[in-house]
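Shown next: my_file_2.tsv, containing TSV, C-alpha atoms.
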chain	number	residue	atom	x	y	z
L	1	MET	CA	91.73	120.89	117.40
L	2	SER	CA	89.11	122.84	119.33
L	3	ARG	CA	87.81	121.76	122.72
L	4	ALA	CA	84.39	120.93	121.21
L	5	SER	CA	85.95	118.69	118.54
L	6	PHE	CA	88.16	117.00	121.12
L	7	THR	CA	85.14	116.29	123.30
L	8	ALA	CA	83.25	114.88	120.31
L	9	LEU	CA	86.19	112.60	119.44
L	10	VAL	CA	86.49	111.37	123.04
L	11	SER	CA	82.76	110.64	123.10
L	12	PHE	CA	83.03	108.71	119.82
L	13	CYS	CA	85.95	106.60	121.10
L	14	GLN	CA	84.12	105.98	124.38
L	15	ASP	CA	81.03	104.75	122.52
L	16	HIS	CA	83.08	102.42	120.31
L	17	LYS	CA	85.77	101.36	122.75
L	18	LEU	CA	87.17	97.85	122.53
L	19	PRO	CA	86.08	95.27	125.11
L	20	ASP	CA	89.40	95.46	126.95
L	21	SER	CA	89.78	99.25	126.72
L	22	ALA	CA	88.56	99.85	130.28
L	23	GLU	CA	90.65	97.11	131.81
L	24	SER	CA	93.90	97.92	133.56
L	25	PRO	CA	96.79	95.50	132.96
L	26	HIS	CA	97.68	95.69	136.65
L	27	ARG	CA	95.48	95.01	139.65
L	28	TYR	CA	94.51	97.87	141.97
L	29	ILE	CA	95.45	100.46	139.33
L	30	GLU	CA	92.79	102.80	138.04
L	31	PRO	CA	92.34	102.43	134.25
L	32	LEU	CA	93.34	105.43	132.13
L	33	PRO	CA	90.33	107.64	131.27
L	34	MET	CA	89.40	107.81	127.59
L	35	TYR	CA	90.02	111.55	127.30
L	36	GLU	CA	93.63	111.07	128.36
L	37	MET	CA	94.12	108.15	125.96
L	38	VAL	CA	92.83	110.29	123.10
L	39	TYR	CA	95.02	113.21	124.18
L	40	ILE	CA	98.09	110.96	124.22
L	41	THR	CA	97.22	109.55	120.79
L	42	LEU	CA	96.75	113.00	119.26
L	43	TRP	CA	100.08	114.09	120.67
L	44	TYR	CA	101.74	110.98	119.29
L	45	ILE	CA	100.45	111.32	115.71
L	46	GLY	CA	100.90	115.09	115.71
L	47	ASN	CA	104.60	114.99	116.54
L	48	GLN	CA	107.74	112.93	116.08
L	49	CYS	CA	108.24	112.46	119.81
L	50	THR	CA	109.30	109.06	121.11
L	51	HIS	CA	107.17	107.05	123.53
L	52	ARG	CA	109.58	107.91	126.34
L	53	GLU	CA	109.36	111.64	125.66
L	54	ILE	CA	105.56	111.45	125.70
L	55	SER	CA	105.63	109.39	128.90
L	56	LEU	CA	107.66	112.13	130.61
L	57	LEU	CA	105.27	114.79	129.31
L	58	PHE	CA	102.14	113.00	130.60
L	59	ASN	CA	103.80	111.48	133.65
L	60	ARG	CA	102.81	107.99	132.55
L	61	SER	CA	104.83	104.85	131.90
L	62	VAL	CA	106.08	104.01	128.42
L	63	SER	CA	103.85	100.93	128.35
L	64	THR	CA	100.80	103.08	129.16
L	65	ILE	CA	101.62	105.40	126.26
L	66	TRP	CA	102.04	102.41	123.96
L	67	ARG	CA	98.71	100.91	125.03
L	68	SER	CA	96.84	104.20	124.72
L	69	VAL	CA	98.02	104.77	121.16
L	70	ASN	CA	97.20	101.19	120.22
L	71	GLN	CA	93.73	101.31	121.73
L	72	CYS	CA	92.67	104.61	120.15
L	73	THR	CA	94.08	103.86	116.70
L	74	LYS	CA	92.36	100.46	116.72
L	75	ILE	CA	89.03	102.05	117.65
L	76	ILE	CA	89.28	104.58	114.83
L	77	GLU	CA	90.52	102.02	112.29
L	78	LEU	CA	87.59	99.69	113.06
L	79	GLN	CA	85.18	102.61	112.51
L	80	LEU	CA	86.94	103.92	109.40
L	81	GLN	CA	83.75	103.81	107.33
L	82	HIS	CA	82.24	106.35	109.73
L	83	PHE	CA	84.85	108.94	108.68
L	84	ILE	CA	85.71	108.05	105.06
L	85	LYS	CA	82.73	107.69	102.75
L	86	TRP	CA	82.36	107.43	98.99
L	87	PRO	CA	79.95	110.02	97.49
L	88	THR	CA	76.36	108.88	97.11
L	89	GLY	CA	74.37	109.08	93.90
L	90	GLU	CA	72.76	112.31	95.10
L	91	GLU	CA	76.11	113.88	96.02
L	92	ALA	CA	77.90	112.99	92.76
L	93	PRO	CA	76.28	115.69	90.54
L	94	LEU	CA	76.97	118.38	93.16
L	95	ILE	CA	80.63	117.36	93.45
L	96	ALA	CA	80.99	117.21	89.65
L	97	ASP	CA	79.56	120.73	89.30
L	98	GLU	CA	81.87	122.10	91.99
L	99	LEU	CA	84.98	120.51	90.46
L	100	GLN	CA	84.02	121.58	86.94
L	101	HIS	CA	84.16	125.18	88.14
L	102	VAL	CA	87.83	124.69	89.06
L	103	ALA	CA	89.11	124.42	85.49
L	104	GLY	CA	86.27	123.11	83.34
L	105	PHE	CA	86.84	119.33	83.39
L	106	PRO	CA	83.39	117.65	83.36
L	107	GLY	CA	82.12	114.68	85.36
L	108	VAL	CA	84.82	114.64	88.05
L	109	ILE	CA	83.83	113.30	91.49
L	110	GLY	CA	87.34	112.95	92.91
L	111	ALA	CA	91.09	113.22	92.38
L	112	MET	CA	93.23	110.12	92.93
L	113	ASP	CA	96.93	109.61	93.59
L	114	GLY	CA	99.37	107.75	95.80
L	115	THR	CA	101.96	109.00	98.27
L	116	HIS	CA	104.82	107.35	100.17
L	117	ILE	CA	104.90	107.22	103.98
L	118	GLU	CA	108.42	106.47	105.21
L	119	ILE	CA	108.72	103.75	107.87
L	120	VAL	CA	111.48	102.07	109.83
L	121	SER	CA	113.18	99.17	108.08
L	122	PRO	CA	110.87	96.10	108.38
L	123	SER	CA	112.24	92.91	109.88
L	124	GLU	CA	111.15	90.86	106.84
L	125	ASN	CA	111.09	91.41	103.06
L	126	GLN	CA	112.97	94.69	103.31
L	127	LYS	CA	113.57	94.94	99.55
L	128	ASP	CA	109.82	95.00	98.90
L	129	PHE	CA	109.53	98.22	100.89
L	130	ASN	CA	112.38	100.07	99.14
L	131	ASN	CA	110.96	102.94	97.09
L	132	GLY	CA	112.60	104.86	94.26
L	133	LYS	CA	114.65	106.88	96.76
L	134	MET	CA	115.93	103.66	98.37
L	135	ARG	CA	114.02	104.34	101.57
L	136	HIS	CA	111.55	102.00	103.23
L	137	SER	CA	107.98	103.17	102.84
L	138	LEU	CA	104.31	102.26	102.62
L	139	ILE	CA	102.02	103.61	99.91
L	140	LEU	CA	98.81	105.46	100.67
L	141	LEU	CA	96.37	105.48	97.74
L	142	ALA	CA	93.58	108.00	98.16
L	143	VAL	CA	90.76	109.82	96.41
L	144	CYS	CA	89.82	113.29	97.63
L	145	LEU	CA	86.84	115.61	97.31
L	146	PRO	CA	86.76	119.38	96.61
L	147	ASN	CA	87.20	120.20	100.31
L	148	ARG	CA	90.32	117.95	100.40
L	149	SER	CA	88.65	115.32	102.54
L	150	PHE	CA	89.23	111.70	101.51
L	151	SER	CA	86.42	109.66	99.96
L	152	TYR	CA	88.62	106.56	99.72
L	153	THR	CA	91.92	105.39	101.22
L	154	TYR	CA	93.99	102.25	100.81
L	155	ALA	CA	97.14	102.07	102.93
L	156	GLY	CA	99.85	99.50	103.44
L	157	PHE	CA	101.16	98.45	100.03
L	158	PRO	CA	105.00	98.09	99.98
L	159	GLY	CA	106.90	101.10	98.67
L	160	SER	CA	108.57	99.26	95.79
L	161	ALA	CA	105.26	99.13	93.87
L	162	ASN	CA	104.00	101.89	91.59
L	163	ASP	CA	100.59	103.53	91.68
L	164	ALA	CA	99.19	101.41	88.84
L	165	ARG	CA	99.86	98.18	90.69
L	166	VAL	CA	98.52	99.51	93.98
L	167	PHE	CA	95.34	100.63	92.25
L	168	ARG	CA	94.97	97.28	90.50
L	169	CYS	CA	95.20	95.43	93.82
L	170	SER	CA	92.97	97.81	95.78
L	171	ASP	CA	89.29	97.13	96.37
L	172	LEU	CA	88.56	100.37	94.48
L	173	GLY	CA	90.31	99.04	91.38
L	174	VAL	CA	88.50	95.72	91.66
L	175	ALA	CA	85.14	97.47	92.11
L	176	ILE	CA	85.71	99.72	89.09
L	177	TYR	CA	86.46	96.63	87.01
L	178	GLU	CA	83.67	94.37	88.29
L	179	GLU	CA	80.82	96.63	89.51
L	180	PRO	CA	81.46	100.30	88.60
L	181	THR	CA	77.76	101.13	88.98
L	182	LEU	CA	78.14	100.66	92.74
L	183	LEU	CA	80.47	103.67	92.83
L	184	PHE	CA	79.45	105.81	89.86
L	185	PRO	CA	75.75	106.65	89.29
L	186	GLY	CA	76.35	107.26	85.58
L	187	SER	CA	78.87	106.71	82.79
L	188	GLN	CA	79.65	110.44	82.73
L	189	TYR	CA	81.35	110.33	86.15
L	190	HIS	CA	85.00	109.52	86.84
L	191	VAL	CA	88.02	110.30	89.00
L	192	LEU	CA	91.14	112.06	87.76
L	193	ALA	CA	94.63	110.60	88.06
L	194	ASP	CA	98.14	111.01	86.69
L	195	SER	CA	99.63	109.03	83.80
L	196	ALA	CA	100.64	106.14	86.08
L	197	PHE	CA	97.04	104.95	86.21
L	198	PRO	CA	95.12	103.03	83.52
L	199	CYS	CA	92.58	104.84	81.37
L	200	THR	CA	89.13	103.38	82.00
L	201	PRO	CA	85.60	104.78	81.65
L	202	HIS	CA	85.76	105.87	85.29
L	203	VAL	CA	89.46	106.77	85.64
L	204	MET	CA	90.76	109.66	83.54
L	205	PRO	CA	94.57	109.88	83.73
L	206	SER	CA	96.71	112.60	82.21
L	207	ILE	CA	98.42	111.87	78.90
L	208	LYS	CA	102.15	111.23	78.77
L	209	ALA	CA	104.05	114.28	77.56
L	210	SER	CA	105.74	112.31	74.78
L	211	LEU	CA	102.33	111.43	73.30
L	212	ALA	CA	100.62	114.77	73.83
L	213	THR	CA	99.44	116.88	70.89
L	214	THR	CA	98.28	120.48	71.27
L	215	LYS	CA	94.73	119.34	72.05
L	216	LYS	CA	95.98	116.77	74.54
L	217	LYS	CA	98.30	119.27	76.21
L	218	ASN	CA	95.32	121.55	76.72
L	219	CYS	CA	93.44	118.63	78.30
L	220	ASN	CA	96.43	117.84	80.52
L	221	ALA	CA	96.58	121.42	81.76
L	222	ILE	CA	92.89	121.46	82.67
L	223	LEU	CA	93.08	118.00	84.23
L	224	SER	CA	96.14	118.89	86.32
L	225	LYS	CA	94.50	122.05	87.70
L	226	THR	CA	91.69	119.88	89.04
L	227	ARG	CA	93.75	116.85	90.06
L	228	ILE	CA	96.12	118.96	92.14
L	229	LEU	CA	93.52	118.80	94.92
L	230	ILE	CA	94.88	115.41	95.97
L	231	GLU	CA	98.41	116.83	96.20
L	232	HIS	CA	97.12	119.56	98.50
L	233	ALA	CA	95.25	116.96	100.57
L	234	PHE	CA	98.43	114.92	101.04
L	235	GLY	CA	100.28	118.08	102.02
L	236	ASP	CA	97.59	118.99	104.54
L	237	ILE	CA	97.54	115.61	106.26
L	238	LYS	CA	101.34	115.33	106.45
L	239	ASN	CA	101.69	118.82	107.87
L	240	THR	CA	98.91	118.27	110.41
L	241	PHE	CA	100.00	114.80	111.52
L	242	ARG	CA	103.80	114.96	111.60
L	243	ARG	CA	104.04	111.27	112.51
L	244	LEU	CA	103.47	110.58	108.79
L	245	HIS	CA	106.88	112.04	108.00
L	246	TYR	CA	108.44	108.92	109.51
L	247	ILE	CA	106.76	106.08	111.39
L	248	TYR	CA	108.96	104.07	113.75
L	249	ALA	CA	106.72	101.02	114.08
L	250	HIS	CA	106.18	97.61	112.54
L	251	VAL	CA	104.17	97.47	109.32
L	252	GLU	CA	100.83	96.48	110.84
L	253	LYS	CA	100.89	99.33	113.36
L	254	ALA	CA	102.16	101.79	110.72
L	255	VAL	CA	99.18	100.96	108.49
L	256	ARG	CA	96.85	101.51	111.43
L	257	ILE	CA	98.43	104.89	112.18
L	258	ILE	CA	98.10	105.99	108.53
L	259	SER	CA	94.42	104.98	108.44
L	260	CYS	CA	93.82	106.76	111.74
L	261	CYS	CA	95.39	109.97	110.43
L	262	CYS	CA	93.21	109.83	107.30
L	263	ALA	CA	90.10	109.40	109.44
L	264	LEU	CA	91.04	112.29	111.74
L	265	HIS	CA	91.86	114.44	108.71
L	266	ASN	CA	88.25	113.99	107.55
L	267	PHE	CA	86.97	114.46	111.09
L	268	LEU	CA	88.65	117.86	111.39
L	269	ILE	CA	87.29	118.99	108.03
L	270	SER	CA	83.77	117.84	108.90
L	271	ARG	CA	84.01	119.82	112.15
L	272	GLY	CA	85.12	122.96	110.31
L	273	GLU	CA	88.55	122.91	111.93
L	274	ARG	CA	91.33	124.85	110.30
L	275	ILE	CA	93.83	122.58	108.54
L	276	VAL	CA	97.41	123.66	107.85
L	277	THR	CA	97.41	124.81	104.23
L	278	TYR	CA	100.07	123.49	101.90
L	279	GLN	CA	101.52	125.37	98.95
L	280	LEU	CA	102.49	122.90	96.25
L	281	PRO	CA	105.99	123.54	94.84
L	282	GLU	CA	106.09	124.58	91.20
L	283	ASP	CA	108.66	121.94	90.26
L	284	ILE	CA	106.60	118.79	90.86
L	285	GLU	CA	108.55	115.68	90.07
L	286	HIS	CA	106.55	112.58	89.27
L	287	GLU	CA	108.03	109.15	89.77
L	288	ASP	CA	109.18	107.14	86.79
L	289	ILE	CA	106.60	104.69	85.60
L	290	ASN	CA	108.13	101.23	85.43
L	291	GLU	CA	104.85	99.40	84.97
L	292	ILE	CA	102.07	100.73	82.77
L	293	ALA	CA	98.67	99.12	83.07
L	294	ASP	CA	97.78	99.39	79.36
L	295	ASP	CA	97.19	95.64	79.20
L	296	TRP	CA	94.91	95.64	82.24
L	297	PHE	CA	91.25	95.04	81.38
L	298	SER	CA	89.73	96.56	78.24
L	299	LEU	CA	90.68	100.22	78.00
L	300	GLN	CA	89.13	101.01	74.63
L	301	SER	CA	85.99	102.55	76.11
L	302	GLY	CA	88.08	104.59	78.53
L	303	VAL	CA	90.32	105.96	75.79
L	304	ALA	CA	87.28	106.75	73.65
L	305	LYS	CA	85.65	108.64	76.51
L	306	ARG	CA	88.84	110.61	77.18
L	307	ASN	CA	89.14	111.51	73.50
L	308	GLU	CA	85.59	112.88	73.58
L	309	ILE	CA	86.47	115.02	76.60
L	310	ILE	CA	89.65	116.22	74.87
L	311	ASP	CA	87.57	117.40	71.89
L	312	ILE	CA	85.03	119.12	74.16
L	313	LEU	CA	87.74	120.96	76.10
L	314	HIS	CA	89.49	121.96	72.86
L	315	ASP	CA	86.22	123.30	71.40
L	316	ASN	CA	85.66	125.33	74.56
L	317	VAL	CA	89.06	126.98	74.12
L	318	VAL	CA	88.38	127.67	70.44
L	319	LEU	CA	84.98	129.19	71.19
L	320	ASN	CA	86.39	131.11	74.16
L	321	PRO	CA	89.88	132.27	73.14
L	322	ASP	CA	90.18	134.32	76.35
L	323	ILE	CA	90.46	131.06	78.29
L	324	LYS	CA	94.12	130.20	78.70
L	325	HIS	CA	95.51	127.15	80.42
L	326	GLU	CA	99.18	127.44	81.18
Once more with this new file: its structure as structure tokens, please.
Amino acid sequence: MSRASFTALVSFCQDHKLPDSAESPHRYIEPLPMYEMVYITLWYIGNQCTHREISLLFNRSVSTIWRSVNQCTKIIELQLQHFIKWPTGEEAPLIADELQHVAGFPGVIGAMDGTHIEIVSPSENQKDFNNGKMRHSLILLAVCLPNRSFSYTYAGFPGSANDARVFRCSDLGVAIYEEPTLLFPGSQYHVLADSAFPCTPHVMPSIKASLATTKKKNCNAILSKTRILIEHAFGDIKNTFRRLHYIYAHVEKAVRIISCCCALHNFLISRGERIVTYQLPEDIEHEDINEIADDWFSLQSGVAKRNEIIDILHDNVVLNPDIKHE
């Protein structure tokens, strides 16, 4: 993070500080300045250091480190809408055009997926947080834009759930079901997802390999080339904020840290900061789908729309035989 971006972040936190942020817990002790609190927080989320190691580095007490991280993450979490914004009606056509140039998939205004953030074993309901690898985790559901910034995040669902269930319970899933016009300015717009998600008029998932014909395989290839943006975004944020590799904190604080990292990820991109690039491995392994949302609200219109797109993409390949999608 550059000095200018750091100064801008300190200024933002100062302007939105909590009522008790300037108060010292002990009498006759000067409160910690905001710039140092932000510096401590950035060091905490950018590394896997313990509170004691950070306290030695900054020559502050462990309790001061704990309070600084709590204060700054709370400030950023409360102002999350300032950093993470859904595209407006004017921005949607521009985003769709940019993403269509990636591989040719029309009407895309975002790529959606979920990722697991490993946490320390919770004190309650431990089985609910066991993921497929038998590790305790929280799920981060996100939608990203062409520049890999997030337009939507939903963090905190227990790791035992799959992406379909997380999406169904998220406010994004509810909004797409009840009032999709609030998010999508037209029926031609949608987000891309993998086969774990339901097929709706505004969510276009890939087709399961066992059901894919030649035309559908072509659609899957084009869809995957566009959807891979969200995989890169997850790789960027986890490589930039190493705390997301493993969070040693209770669930509520872990959710706050995840949300804070997502906000700062967008902040760095908006400031033109260089993010650590992530090369996706060729052997991507998707989790087994134990719960398919085919019975979740009416999907007929979504399937019909996807079939139309499949035919359009197939016709493009027929008319342009030089186009090859591996």
If I take atom CA of L:Phe197 and atom CA of L:Thr240, how far is one from the other in Å, to one decimal?
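Separating atom CA of L:Phe197 from atom CA of L:Thr240 is a distance of 27.7 Å.
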Counting only C-alpha atoms, which residue out of L:Gly235, L:Ser187, L:Leu141, L:Cys261 sits closest to L:Cys169?
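Among the listed residues, L:Leu141 lies closest to L:Cys169.
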What's around L:Ala233 at 9 Å? Count all atoms listed in the file, leave out sequence neighbours fewer than 4 positions away in its own chain, and write the answer as a list in words.
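Once the nearby chain positions are removed, what remains is Cys144, Asn147, Arg148, Ser149, Phe150, Ile228, Leu229, Ile237, Lys238, Thr277 and Tyr278 of chain L.
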Extract, using only C-alpha atoms, all DNA, RNA and protein residues at most 10 Å from L:His16, discarding same-chain residues fewer than 4 positions from it, and format them as a PyMOL selection string.
chain L and resi 10-12+21+72+75-76+78-79
Emit the selected residues as a PDB file, keeping the file's coordinate frame, including C-alpha atoms.
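Full text of part_31.pdb as output:
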ATOM      1  CA  VAL L  10      86.490 111.370 123.040  1.00  0.00           C
ATOM      2  CA  SER L  11      82.760 110.640 123.100  1.00  0.00           C
ATOM      3  CA  PHE L  12      83.030 108.710 119.820  1.00  0.00           C
ATOM      4  CA  SER L  21      89.780  99.250 126.720  1.00  0.00           C
ATOM      5  CA  CYS L  72      92.670 104.610 120.150  1.00  0.00           C
ATOM      6  CA  ILE L  75      89.030 102.050 117.650  1.00  0.00           C
ATOM      7  CA  ILE L  76      89.280 104.580 114.830  1.00  0.00           C
ATOM      8  CA  LEU L  78      87.590  99.690 113.060  1.00  0.00           C
ATOM      9  CA  GLN L  79      85.180 102.610 112.510  1.00  0.00           C
TER      10      GLN L  79
END
Spatial neighbours of L:Thr153, max dist 9 Å, only C-alpha atoms, sep filter under 5 positions, as a ChimeraX atom specification
/L:84,140-144,259,262
Around (92.2, 114.6, 71.1) in the file's own coordinates, what residues are found within 12 Å if you use all atoms listed in the file, given back as a PyMOL selection string?
chain L and resi 207+211-220+303-315
Selected residue of minimal separation from L:Leu42 among L:Cys260, L:Leu18, L:Ile269, L:Leu138, counting all atoms listed in the file
L:Cys260
To one decimal place, how far is atom CA of L:Arg242 from atom CA of L:Gly46 in Å?
5.0 Å
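Take the candidates L:Val174, L:Ile222, L:Ala249, L:Leu9 and check each one against L:Trp66 using all atoms listed in the file; the shortest distance goes to L:Ala249.
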Give me, please, the distance in Å between atom CA of L:Gly156 and atom CA of L:Gly132, quoted to one decimal.
16.6 Å
Option closest in space to L:Arg67, from L:Glu91, L:Glu231, L:Asp97, L:Glu36 [counting only C-alpha atoms]
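Among L:Glu91, L:Glu231, L:Asp97, L:Glu36, it is L:Glu36 that comes nearest to L:Arg67.
Using all atoms listed in the file, the protein and nucleic acid residues lying no more than 12 Å from L:Asn59, apart from those fewer than 6 places from it along its own chain, are Glu36, Ile40, His51, Arg52, Glu53 and Ile65 of chain L.
Closest approach to L:Ala193 among L:Phe157, L:Phe167, L:Tyr177, L:Tyr248: L:Phe167, based on only C-alpha atoms.
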List as a list of chain:residue names the protein and nucleic acid residues near stretch 124-128 of chain L, meaning an atom at most 8 Å away when all atoms listed in the file are counted, but skip any in the same chain fewer than 6 places from it.
L:His136, L:Pro158, L:Gly159, L:Ser160, L:Ala161
Saved selection, atoms kept: C-alpha atoms, as a PDB file, keeping the file's coordinate frame:
ATOM      1  CA  HIS L 136     111.550 102.000 103.230  1.00  0.00           C
ATOM      2  CA  PRO L 158     105.000  98.090  99.980  1.00  0.00           C
ATOM      3  CA  GLY L 159     106.900 101.100  98.670  1.00  0.00           C
ATOM      4  CA  SER L 160     108.570  99.260  95.790  1.00  0.00           C
ATOM      5  CA  ALA L 161     105.260  99.130  93.870  1.00  0.00           C
TER       6      ALA L 161
END
